[in-house]
4 protein chains.
Amino acid sequence: MERPTRSVESRMRVRYKETDQMGIAHHANYITWFEVGRTDLCRAVGVTYREIEAKGFLLVVTDVSCRYRAPFRYDDEVLLTTRLGSSGSRSITFLYELSGQGESAPRASGSSSHIWVDIQTRRPTRPPAELSALFARRSE
Amino acid sequence: MERPTRSVESRMRVRYKETDQMGIAHHANYITWFEVGRTDLCRAVGVTYREIEAKGFLLVVTDVSCRYRAPFRYDDEVLLTTRLGSSGSRSITFLYELSGQGESAPRASGSSSHIWVDIQTRRPTRPPAELSALFARRSE
Amino acid sequence: MERPTRSVESRMRVRYKETDQMGIAHHANYITWFEVGRTDLCRAVGVTYREIEAKGFLLVVTDVSCRYRAPFRYDDEVLLTTRLGSSGSRSITFLYELSGQGESAPRASGSSSHIWVDIQTRRPTRPPAELSALFARRSE
Amino acid sequence: MERPTRSVESRMRVRYKETDQMGIAHHANYITWFEVGRTDLCRAVGVTYREIEAKGFLLVVTDVSCRYRAPFRYDDEVLLTTRLGSSGSRSITFLYELSGQGESAPRASGSSSHIWVDIQTRRPTRPPAELSALFARRSE
């Protein structure tokens, strides 16, 4: 039986620098926020991304996408939910939803795909099982 | 007969600030570079984006995606080609390719979709024909 | 007798996007973090900066400076202390110190000066007393 | 007799991402633009900053300041003049002025100070004379 996929919630406030002259958070920042969510998800599954690099691996981004439905404004609290999507022996996908406090529908959602890369050779690699297992969707 | 879609080339150098500790241009910057390409494409088709806002319209981003194949590094010259994708009466899609000087294969490619929004009401709208026509793929 | 100047503490983690290829948080981000501290200080003294703009005022930056002593790295927790510096009828100065958790010496310190500007005319102005009083160093 | 200090001009357009909800270029971007000016000045004096790092040195920022007099807006062309300030055996100061095309008075000016650091030990160092000489104010 598959357990519900591990997810983690991150909270951040929209910085003034993150707004643009439309008066809303600029869309490129969402991609940076996704990365904050990944950092938090790594910590939640048991390894910080800093440790991943110290072990000699990088999670290099190969694809990113985001759909924007409703904007965030300066000083809004952003509630970011990050989930593990599919993962293989050499790749991981993360899924993201951004919503305001207490809202049922997300204001934006997205995904990012990554490959494991050897930090020395900078070539795709297969990480040790104890590392990749942390990012696997688990069945019991 | 459909004319080849209008495209425009932009050049920029990777800023030191745009690198990250992997030693490459951080992937979120590509989304910002896409916007530089849109600015240049607007100018090329005959209206600056500044004028579009002055006329009372916004091109709000609804979707963005990027596929990353090979990195750019600090001080690399980035050659960005921006093309018009499909466009409707209320929406426009732009297509992007990023390559190094003299390279045949792009290092990254992406797209962004936009809807026309009334700058006062902030609601989707249909821009005047003389404006939307500039972004239409033309047939002769 | 002058009360100790109001100060507020903000905490944030260095984002991966905020690193550069030196492997440290890029210095321009400190200026953005200062702004996070100002947002928190406004809230602490009793008015959000969002409300300040809603009342028709902007706090426009006229000067900024930062001294960097020791770097922050990815995922480091940054402890930012923001204090009111001198303030006049038309201007405010904020002071900042950035340190790591439990450290006695700041890793960086800085300041920013601002003038009150009318959001409509975009000209310097004198805000209502109840607003400027919030940012005055108080004596009892 | 001291020759006029070497200076270099850089041009860039304000990106939409660089604006904020005040409708002007956010002040933190000026610090990033300064860095573009330094990159151009290095190239002009005969060594790219990329080469400096390849030779085993970093120019680490120790101080930065900027005074803002008049704003830049989206799509404005920014004319940045970068000059060598004082330099010692272990440090360099750069000076910056930002103006609009054809304007006599700068809209902003600033400076940044740097120390030479060994890229391996990450400790302050004295670069080889042929390197530091490139950044010396010259007399004839």
# chains A, B, ... in the order shown; residues from 1 in each chain; ligands from 1

call {"tool": "residues_around", "arguments": {"residues": "segment 77-83 of chain A", "least_positions_apart": "4", "cutoff": "6 Å", "atoms": "only C-alpha atoms", "output": "list of chain:residue names"}}
result
A:Ser7, A:Val8, A:Glu9, A:Ser10, A:Arg11, A:Met12, A:Arg13, A:Gly37, A:Phe94, A:Leu95, A:Tyr96, A:Glu97, A:Leu98, A:Ser99, A:Gly100

call {"tool": "write_last_selection", "arguments": {"atoms": "C-alpha atoms", "output": "mmCIF file, in the first residue's frame"}}
result
data_model
loop_
_atom_site.group_PDB
_atom_site.id
_atom_site.type_symbol
_atom_site.label_atom_id
_atom_site.label_comp_id
_atom_site.auth_asym_id
_atom_site.auth_seq_id
_atom_site.Cartn_x
_atom_site.Cartn_y
_atom_site.Cartn_z
ATOM 1 C CA SER A 7 4.993 16.746 1.500
ATOM 2 C CA VAL A 8 6.230 19.758 3.375
ATOM 3 C CA GLU A 9 4.889 23.248 3.930
ATOM 4 C CA SER A 10 7.011 26.379 3.727
ATOM 5 C CA ARG A 11 5.914 29.876 4.580
ATOM 6 C CA MET A 12 7.387 33.105 3.377
ATOM 7 C CA ARG A 13 6.290 36.687 2.949
ATOM 8 C CA GLY A 37 10.411 24.305 -0.862
ATOM 9 C CA PHE A 94 9.065 17.862 -7.284
ATOM 10 C CA LEU A 95 5.553 19.316 -7.331
ATOM 11 C CA TYR A 96 4.563 22.663 -5.870
ATOM 12 C CA GLU A 97 1.399 24.489 -4.868
ATOM 13 C CA LEU A 98 1.275 28.062 -3.690
ATOM 14 C CA SER A 99 -1.699 29.384 -1.812
ATOM 15 C CA GLY A 100 -2.710 32.107 0.561
#

call {"tool": "residues_around", "arguments": {"residues": "segment 86-89 of chain D", "least_positions_apart": "3", "cutoff": "10 Å", "atoms": "only C-alpha atoms", "output": "list of chain:residue names"}}
result
D:Thr5, D:Arg83, D:Ile92, D:Thr93, D:Phe94, D:Leu95, D:Ser113, D:His114, D:Ile115, D:Trp116, D:Thr125, D:Arg126, D:Pro127, D:Pro128, D:Ala129, D:Ser132, D:Ala133, D:Phe135, D:Ala136, D:Arg137

call {"tool": "interface_residues", "arguments": {"of": "chain A", "to": "chain D", "cutoff": "12 Å", "atoms": "only C-alpha atoms", "output": "PDB file with N, CA and C atoms, in the first residue's frame"}}
result
ATOM      1  N   VAL A  14       6.028  37.803   0.821  1.00  0.00           N
ATOM      2  CA  VAL A  14       6.502  38.439  -0.407  1.00  0.00           C
ATOM      3  C   VAL A  14       7.319  39.673  -0.046  1.00  0.00           C
ATOM      4  N   ARG A  15       8.557  39.699  -0.501  1.00  0.00           N
ATOM      5  CA  ARG A  15       9.451  40.826  -0.251  1.00  0.00           C
ATOM      6  C   ARG A  15       9.133  41.974  -1.218  1.00  0.00           C
ATOM      7  N   TYR A  16       9.403  43.179  -0.777  1.00  0.00           N
ATOM      8  CA  TYR A  16       9.148  44.331  -1.652  1.00  0.00           C
ATOM      9  C   TYR A  16       9.943  44.195  -2.960  1.00  0.00           C
ATOM     10  N   LYS A  17      11.180  43.744  -2.809  1.00  0.00           N
ATOM     11  CA  LYS A  17      12.038  43.524  -3.995  1.00  0.00           C
ATOM     12  C   LYS A  17      11.417  42.541  -4.974  1.00  0.00           C
ATOM     13  N   GLU A  18      10.553  41.676  -4.483  1.00  0.00           N
ATOM     14  CA  GLU A  18       9.961  40.654  -5.338  1.00  0.00           C
ATOM     15  C   GLU A  18       8.758  41.174  -6.121  1.00  0.00           C
ATOM     16  N   THR A  19       8.292  42.373  -5.813  1.00  0.00           N
ATOM     17  CA  THR A  19       7.185  42.946  -6.588  1.00  0.00           C
ATOM     18  C   THR A  19       7.728  43.571  -7.870  1.00  0.00           C
ATOM     19  N   ASP A  20       6.831  43.803  -8.808  1.00  0.00           N
ATOM     20  CA  ASP A  20       7.213  44.538 -10.014  1.00  0.00           C
ATOM     21  C   ASP A  20       6.215  45.666 -10.226  1.00  0.00           C
ATOM     22  N   GLN A  21       6.350  46.390 -11.318  1.00  0.00           N
ATOM     23  CA  GLN A  21       5.504  47.574 -11.476  1.00  0.00           C
ATOM     24  C   GLN A  21       4.046  47.253 -11.780  1.00  0.00           C
ATOM     25  N   MET A  22       3.711  45.976 -11.958  1.00  0.00           N
ATOM     26  CA  MET A  22       2.286  45.591 -12.003  1.00  0.00           C
ATOM     27  C   MET A  22       1.697  45.604 -10.592  1.00  0.00           C
ATOM     28  N   GLY A  23       2.568  45.688  -9.571  1.00  0.00           N
ATOM     29  CA  GLY A  23       2.090  45.703  -8.199  1.00  0.00           C
ATOM     30  C   GLY A  23       1.907  44.314  -7.607  1.00  0.00           C
ATOM     31  N   ILE A  24       2.466  43.316  -8.286  1.00  0.00           N
ATOM     32  CA  ILE A  24       2.349  41.935  -7.805  1.00  0.00           C
ATOM     33  C   ILE A  24       3.733  41.284  -7.744  1.00  0.00           C
ATOM     34  N   ALA A  25       3.801  40.140  -7.081  1.00  0.00           N
ATOM     35  CA  ALA A  25       5.065  39.402  -7.047  1.00  0.00           C
ATOM     36  C   ALA A  25       5.415  38.958  -8.462  1.00  0.00           C
ATOM     37  N   HIS A  26       6.616  39.272  -8.902  1.00  0.00           N
ATOM     38  CA  HIS A  26       7.048  38.928 -10.260  1.00  0.00           C
ATOM     39  C   HIS A  26       7.119  37.404 -10.405  1.00  0.00           C
ATOM     40  N   HIS A  27       6.677  36.912 -11.551  1.00  0.00           N
ATOM     41  CA  HIS A  27       6.532  35.466 -11.755  1.00  0.00           C
ATOM     42  C   HIS A  27       7.841  34.685 -11.633  1.00  0.00           C
ATOM     43  N   ALA A  28       8.978  35.310 -11.915  1.00  0.00           N
ATOM     44  CA  ALA A  28      10.243  34.554 -11.826  1.00  0.00           C
ATOM     45  C   ALA A  28      10.568  34.165 -10.385  1.00  0.00           C
ATOM     46  N   ASN A  29      10.045  34.919  -9.414  1.00  0.00           N
ATOM     47  CA  ASN A  29      10.327  34.588  -8.021  1.00  0.00           C
ATOM     48  C   ASN A  29       9.729  33.252  -7.590  1.00  0.00           C
ATOM     49  N   ARG A  73       0.751  39.549  -3.514  1.00  0.00           N
ATOM     50  CA  ARG A  73       1.159  40.943  -3.400  1.00  0.00           C
ATOM     51  C   ARG A  73       2.186  41.113  -2.289  1.00  0.00           C
ATOM     52  N   TYR A  74       2.818  42.247  -2.260  1.00  0.00           N
ATOM     53  CA  TYR A  74       3.796  42.577  -1.221  1.00  0.00           C
ATOM     54  C   TYR A  74       3.258  42.256   0.163  1.00  0.00           C
ATOM     55  N   ASP A  75       4.064  41.585   0.949  1.00  0.00           N
ATOM     56  CA  ASP A  75       3.784  41.283   2.355  1.00  0.00           C
ATOM     57  C   ASP A  75       2.735  40.197   2.534  1.00  0.00           C
TER      58      ASP A  75
END

call {"tool": "residues_around", "arguments": {"residues": "Ser65 of chain B", "least_positions_apart": "5", "cutoff": "10 Å", "atoms": "only C-alpha atoms", "output": "JSON, numbers by chain"}}
result
{"A": [63, 64, 65, 66, 67, 110, 111, 112], "B": [30, 31, 95, 96, 109, 110, 111, 112, 113]}

call {"tool": "closest_residue", "arguments": {"among": "C:Asp40, C:Arg69, C:Leu58, C:Glu35", "to": "Leu131 of chain C", "atoms": "only C-alpha atoms"}}
result
C:Leu58

call {"tool": "atom_distance", "arguments": {"atom1": "atom CA of Cys42 of chain B", "atom2": "atom CA of Pro106 of chain B"}}
result
22.4 Å

call {"tool": "select_by_dssp", "arguments": {"residues": "segment 44-120 of chain A", "states": "helix (DSSP H, G or I)", "output": "list in words"}}
result
Ala44, Val45, Tyr49, Arg50, Glu51, Ile52, Glu53 and Ala54 of chain A

call {"tool": "write_last_selection", "arguments": {"atoms": "N, CA, C and O atoms", "output": "PDB file, in the first residue's frame"}}
result
ATOM      1  N   ALA A  44      13.173  17.628   5.470  1.00  0.00           N
ATOM      2  CA  ALA A  44      12.091  16.812   6.044  1.00  0.00           C
ATOM      3  C   ALA A  44      12.294  15.314   5.797  1.00  0.00           C
ATOM      4  O   ALA A  44      11.932  14.492   6.634  1.00  0.00           O
ATOM      5  N   VAL A  45      12.873  14.960   4.655  1.00  0.00           N
ATOM      6  CA  VAL A  45      13.061  13.524   4.383  1.00  0.00           C
ATOM      7  C   VAL A  45      14.334  13.003   5.025  1.00  0.00           C
ATOM      8  O   VAL A  45      14.600  11.791   4.995  1.00  0.00           O
ATOM      9  N   TYR A  49      20.029  19.641   1.727  1.00  0.00           N
ATOM     10  CA  TYR A  49      20.635  19.720   0.397  1.00  0.00           C
ATOM     11  C   TYR A  49      22.118  20.078   0.518  1.00  0.00           C
ATOM     12  O   TYR A  49      22.937  19.646  -0.285  1.00  0.00           O
ATOM     13  N   ARG A  50      22.479  20.799   1.556  1.00  0.00           N
ATOM     14  CA  ARG A  50      23.889  21.084   1.815  1.00  0.00           C
ATOM     15  C   ARG A  50      24.679  19.784   2.020  1.00  0.00           C
ATOM     16  O   ARG A  50      25.783  19.629   1.499  1.00  0.00           O
ATOM     17  N   GLU A  51      24.066  18.832   2.734  1.00  0.00           N
ATOM     18  CA  GLU A  51      24.726  17.543   2.937  1.00  0.00           C
ATOM     19  C   GLU A  51      24.831  16.771   1.618  1.00  0.00           C
ATOM     20  O   GLU A  51      25.821  16.083   1.374  1.00  0.00           O
ATOM     21  N   ILE A  52      23.794  16.883   0.791  1.00  0.00           N
ATOM     22  CA  ILE A  52      23.828  16.201  -0.505  1.00  0.00           C
ATOM     23  C   ILE A  52      25.053  16.658  -1.300  1.00  0.00           C
ATOM     24  O   ILE A  52      25.782  15.856  -1.861  1.00  0.00           O
ATOM     25  N   GLU A  53      25.285  17.979  -1.314  1.00  0.00           N
ATOM     26  CA  GLU A  53      26.463  18.484  -2.040  1.00  0.00           C
ATOM     27  C   GLU A  53      27.754  18.051  -1.353  1.00  0.00           C
ATOM     28  O   GLU A  53      28.745  17.735  -2.020  1.00  0.00           O
ATOM     29  N   ALA A  54      27.734  18.012  -0.025  1.00  0.00           N
ATOM     30  CA  ALA A  54      28.938  17.580   0.713  1.00  0.00           C
ATOM     31  C   ALA A  54      29.262  16.114   0.412  1.00  0.00           C
ATOM     32  O   ALA A  54      30.421  15.707   0.440  1.00  0.00           O
TER      33      ALA A  54
END

call {"tool": "select_by_dssp", "arguments": {"residues": "segment 38-118 of chain A", "states": "strand (DSSP E)", "output": "PyMOL selection string"}}
result
chain A and resi 57-68+77-87+91-100+108-118
